[in-house]
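A short write-up of the structure that comes next.
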Amino acid sequence: LGGRTIPINFNPADHGFLRGQEYRFELVVIDDNGQRTVVDRVVPADRAVNTSVQVHGRAEIQISLNGQLFTAWSP
């Protein structure tokens with residue numbers, strides 16, 4: 001039941017890399033409902049990803065860029 005909605009905003013310009021390059025963005029959620037890939041797509045150069053995810057119970061959110069873990073946190 002329920003859950004929490006967590007906003008996800010990733011802009012490569014905020015991090016000073018990936019400028020002028022398309023990139024693969026993968027968003028994974030691990031929570032009381034298990035592990036699931038929420039987003040897995042190639043993003044055009046200099047474009048941001050803005051979305052939200054539902055999490056249930058204790059959760060970890062992972063963002064990978066071009067197949068490499070970029071960040072992970074527990075909201």
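Starting from 1 in every chain, residues are counted up; chains themselves are A, B, ... following the order of the structure tokens, and ligands are numbered from 1 as listed.
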
| If we count only C-alpha atoms, what is near Val43 in chain A at a cut-off of 9 Å, once residues fewer than 5 positions away on the same chain are taken out, given as a PyMOL selection string? | chain A and resi 21-25+48-49

Could you turn the residues from that selection into a file that holds N, CA and C atoms, as a CSV table (one decimal), in the first residue's frame?
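For reference, result_39.csv as written:
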```
chain,number,residue,atom,x,y,z
A,21,GLN,N,27.5,15.1,-25.3
A,21,GLN,CA,27.4,13.6,-25.5
A,21,GLN,C,26.1,13.0,-25.1
A,22,GLU,N,25.6,12.1,-25.9
A,22,GLU,CA,24.4,11.4,-25.4
A,22,GLU,C,24.9,10.4,-24.4
A,23,TYR,N,24.0,10.0,-23.5
A,23,TYR,CA,24.4,9.1,-22.4
A,23,TYR,C,23.3,8.1,-22.1
A,24,ARG,N,23.7,7.0,-21.6
A,24,ARG,CA,22.7,6.0,-21.1
A,24,ARG,C,22.4,6.3,-19.6
A,25,PHE,N,21.2,6.4,-19.3
A,25,PHE,CA,20.7,6.7,-17.9
A,25,PHE,C,19.9,5.5,-17.4
A,48,ALA,N,18.4,16.8,-19.7
A,48,ALA,CA,18.2,16.4,-18.3
A,48,ALA,C,17.2,15.3,-18.3
A,49,VAL,N,17.2,14.6,-17.2
A,49,VAL,CA,16.2,13.5,-16.9
A,49,VAL,C,15.5,14.0,-15.7
```

| Closest of A:Trp73, A:Asn50, A:Gln62, A:His56 to Arg4 in chain A - atom-to-atom distances counting only C-alpha atoms | A:His56

| said: Residues within 12 Å of Asn33 in chain A, please, as a list of chain:residue names. Count only C-alpha atoms; anything in the same chain fewer than 2 positions from it doesn't count. | reply: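 Everything that qualifies: A:Leu1, A:Gly2, A:Gly3, A:Val29, A:Ile30, A:Asp31, A:Gln35, A:Arg36, A:Gln54, A:Val55, A:His56, A:Gly57, A:Arg58, A:Ala59, A:Glu60.
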
Preceding selection exported with N, CA and C atoms as a short mmCIF file (atom, residue, chain, number, x, y, z; two decimals), in the first residue's frame:
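Now in result.cif:
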```cif
data_model
loop_
_atom_site.label_atom_id
_atom_site.label_comp_id
_atom_site.auth_asym_id
_atom_site.auth_seq_id
_atom_site.Cartn_x
_atom_site.Cartn_y
_atom_site.Cartn_z
N LEU A 1 0.83 -1.19 0.00
CA LEU A 1 0.00 0.00 0.00
C LEU A 1 0.87 1.25 0.00
N GLY A 2 0.32 2.32 -0.49
CA GLY A 2 0.96 3.62 -0.40
C GLY A 2 2.35 3.69 -0.97
N GLY A 3 3.24 4.16 -0.16
CA GLY A 3 4.60 4.40 -0.62
C GLY A 3 4.85 5.89 -0.69
N VAL A 29 15.56 1.05 -8.43
CA VAL A 29 15.02 1.17 -7.08
C VAL A 29 15.08 -0.20 -6.42
N ILE A 30 15.59 -0.22 -5.20
CA ILE A 30 15.57 -1.42 -4.37
C ILE A 30 14.79 -1.04 -3.11
N ASP A 31 13.67 -1.73 -2.87
CA ASP A 31 12.87 -1.40 -1.70
C ASP A 31 12.16 -2.66 -1.20
N GLN A 35 13.82 -5.33 -6.30
CA GLN A 35 14.64 -4.47 -7.16
C GLN A 35 13.98 -4.34 -8.51
N ARG A 36 13.96 -3.10 -9.03
CA ARG A 36 13.38 -2.89 -10.36
C ARG A 36 14.09 -1.73 -11.06
N GLN A 54 8.16 5.71 -7.16
CA GLN A 54 7.46 5.29 -5.95
C GLN A 54 8.36 4.32 -5.21
N VAL A 55 8.56 4.54 -3.92
CA VAL A 55 9.32 3.60 -3.10
C VAL A 55 8.45 3.15 -1.94
N HIS A 56 8.73 1.94 -1.48
CA HIS A 56 7.95 1.34 -0.39
C HIS A 56 8.90 0.87 0.70
N GLY A 57 8.69 1.36 1.92
CA GLY A 57 9.54 0.96 3.04
C GLY A 57 10.94 1.50 2.90
N ARG A 58 11.90 0.73 3.42
CA ARG A 58 13.31 1.13 3.26
C ARG A 58 13.68 1.01 1.80
N ALA A 59 14.38 2.02 1.31
CA ALA A 59 14.65 2.04 -0.14
C ALA A 59 16.06 2.54 -0.41
N GLU A 60 16.58 2.10 -1.55
CA GLU A 60 17.81 2.65 -2.11
C GLU A 60 17.53 2.98 -3.56
#
```

| query | What is the CA of Phe10 in chain A to CA of Val39 in chain A distance in Å? | reply |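 These two atoms are separated by 12.3 Å.
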
| said: Can you tell me, as a VMD selection string, which residues in range 10-41 of chain A count as strand (DSSP E or B) by DSSP? | reply: chain A and resid 10 23 to 31 34 to 41

Please dump the current selection as a short mmCIF file (atom, residue, chain, number, x, y, z; two decimals), in the first residue's frame; keep N, CA and C atoms.
```
data_model
loop_
_atom_site.label_atom_id
_atom_site.label_comp_id
_atom_site.auth_asym_id
_atom_site.auth_seq_id
_atom_site.Cartn_x
_atom_site.Cartn_y
_atom_site.Cartn_z
N PHE A 10 18.18 14.79 -12.85
CA PHE A 10 19.59 14.68 -13.20
C PHE A 10 19.86 15.54 -14.42
N TYR A 23 24.04 9.98 -23.50
CA TYR A 23 24.45 9.09 -22.42
C TYR A 23 23.31 8.13 -22.08
N ARG A 24 23.70 6.97 -21.57
CA ARG A 24 22.72 5.99 -21.11
C ARG A 24 22.45 6.25 -19.63
N PHE A 25 21.18 6.44 -19.30
CA PHE A 25 20.74 6.73 -17.94
C PHE A 25 19.94 5.55 -17.44
N GLU A 26 20.36 5.00 -16.31
CA GLU A 26 19.63 3.88 -15.71
C GLU A 26 19.31 4.24 -14.27
N LEU A 27 18.04 4.06 -13.91
CA LEU A 27 17.55 4.35 -12.57
C LEU A 27 16.99 3.06 -11.99
N VAL A 28 17.56 2.62 -10.88
CA VAL A 28 17.15 1.37 -10.23
C VAL A 28 16.65 1.70 -8.83
N VAL A 29 15.56 1.05 -8.43
CA VAL A 29 15.02 1.17 -7.08
C VAL A 29 15.08 -0.20 -6.42
N ILE A 30 15.59 -0.22 -5.20
CA ILE A 30 15.57 -1.42 -4.37
C ILE A 30 14.79 -1.04 -3.11
N ASP A 31 13.67 -1.73 -2.87
CA ASP A 31 12.87 -1.40 -1.70
C ASP A 31 12.16 -2.66 -1.20
N GLY A 34 11.26 -5.24 -3.71
CA GLY A 34 12.32 -5.86 -4.51
C GLY A 34 13.11 -4.84 -5.30
N GLN A 35 13.82 -5.33 -6.30
CA GLN A 35 14.64 -4.47 -7.16
C GLN A 35 13.98 -4.34 -8.51
N ARG A 36 13.96 -3.10 -9.03
CA ARG A 36 13.38 -2.89 -10.36
C ARG A 36 14.09 -1.73 -11.06
N THR A 37 14.20 -1.87 -12.36
CA THR A 37 14.73 -0.79 -13.20
C THR A 37 13.56 0.08 -13.61
N VAL A 38 13.61 1.33 -13.24
CA VAL A 38 12.52 2.27 -13.52
C VAL A 38 12.75 2.98 -14.84
N VAL A 39 14.00 3.35 -15.12
CA VAL A 39 14.36 4.02 -16.37
C VAL A 39 15.64 3.38 -16.89
N ASP A 40 15.67 3.09 -18.17
CA ASP A 40 16.90 2.62 -18.83
C ASP A 40 16.81 3.08 -20.27
N ARG A 41 17.46 4.22 -20.55
CA ARG A 41 17.35 4.78 -21.89
C ARG A 41 18.57 5.62 -22.23
#
```

| message | Can you tell me which residues surround Gly20 in chain A at a distance of at most 12 Å, considering only C-alpha atoms, apart from same-chain residues fewer than 2 positions away, and format the answer as a list of chain:residue names? | response | A:Pro12, A:Ala13, A:Gly16, A:Phe17, A:Leu18, A:Glu22, A:Tyr23, A:Val43, A:Pro44, A:Ala45, A:Asp46, A:Arg47

| Minimum-distance residue to Ile8 in chain A, chosen among A:Ile63, A:Ser74, A:Thr51, A:Gln68 (using only C-alpha atoms) | A:Thr51

| Separation of CA of Asn66 in chain A from CA of Asp32 in chain A in Å | 26.8 Å

| query | So what do you get for CA of Phe70 in chain A versus CA of Thr5 in chain A, distance-wise? | reply |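 Computed distance, CA of Phe70 in chain A to CA of Thr5 in chain A, equals 21.1 Å.
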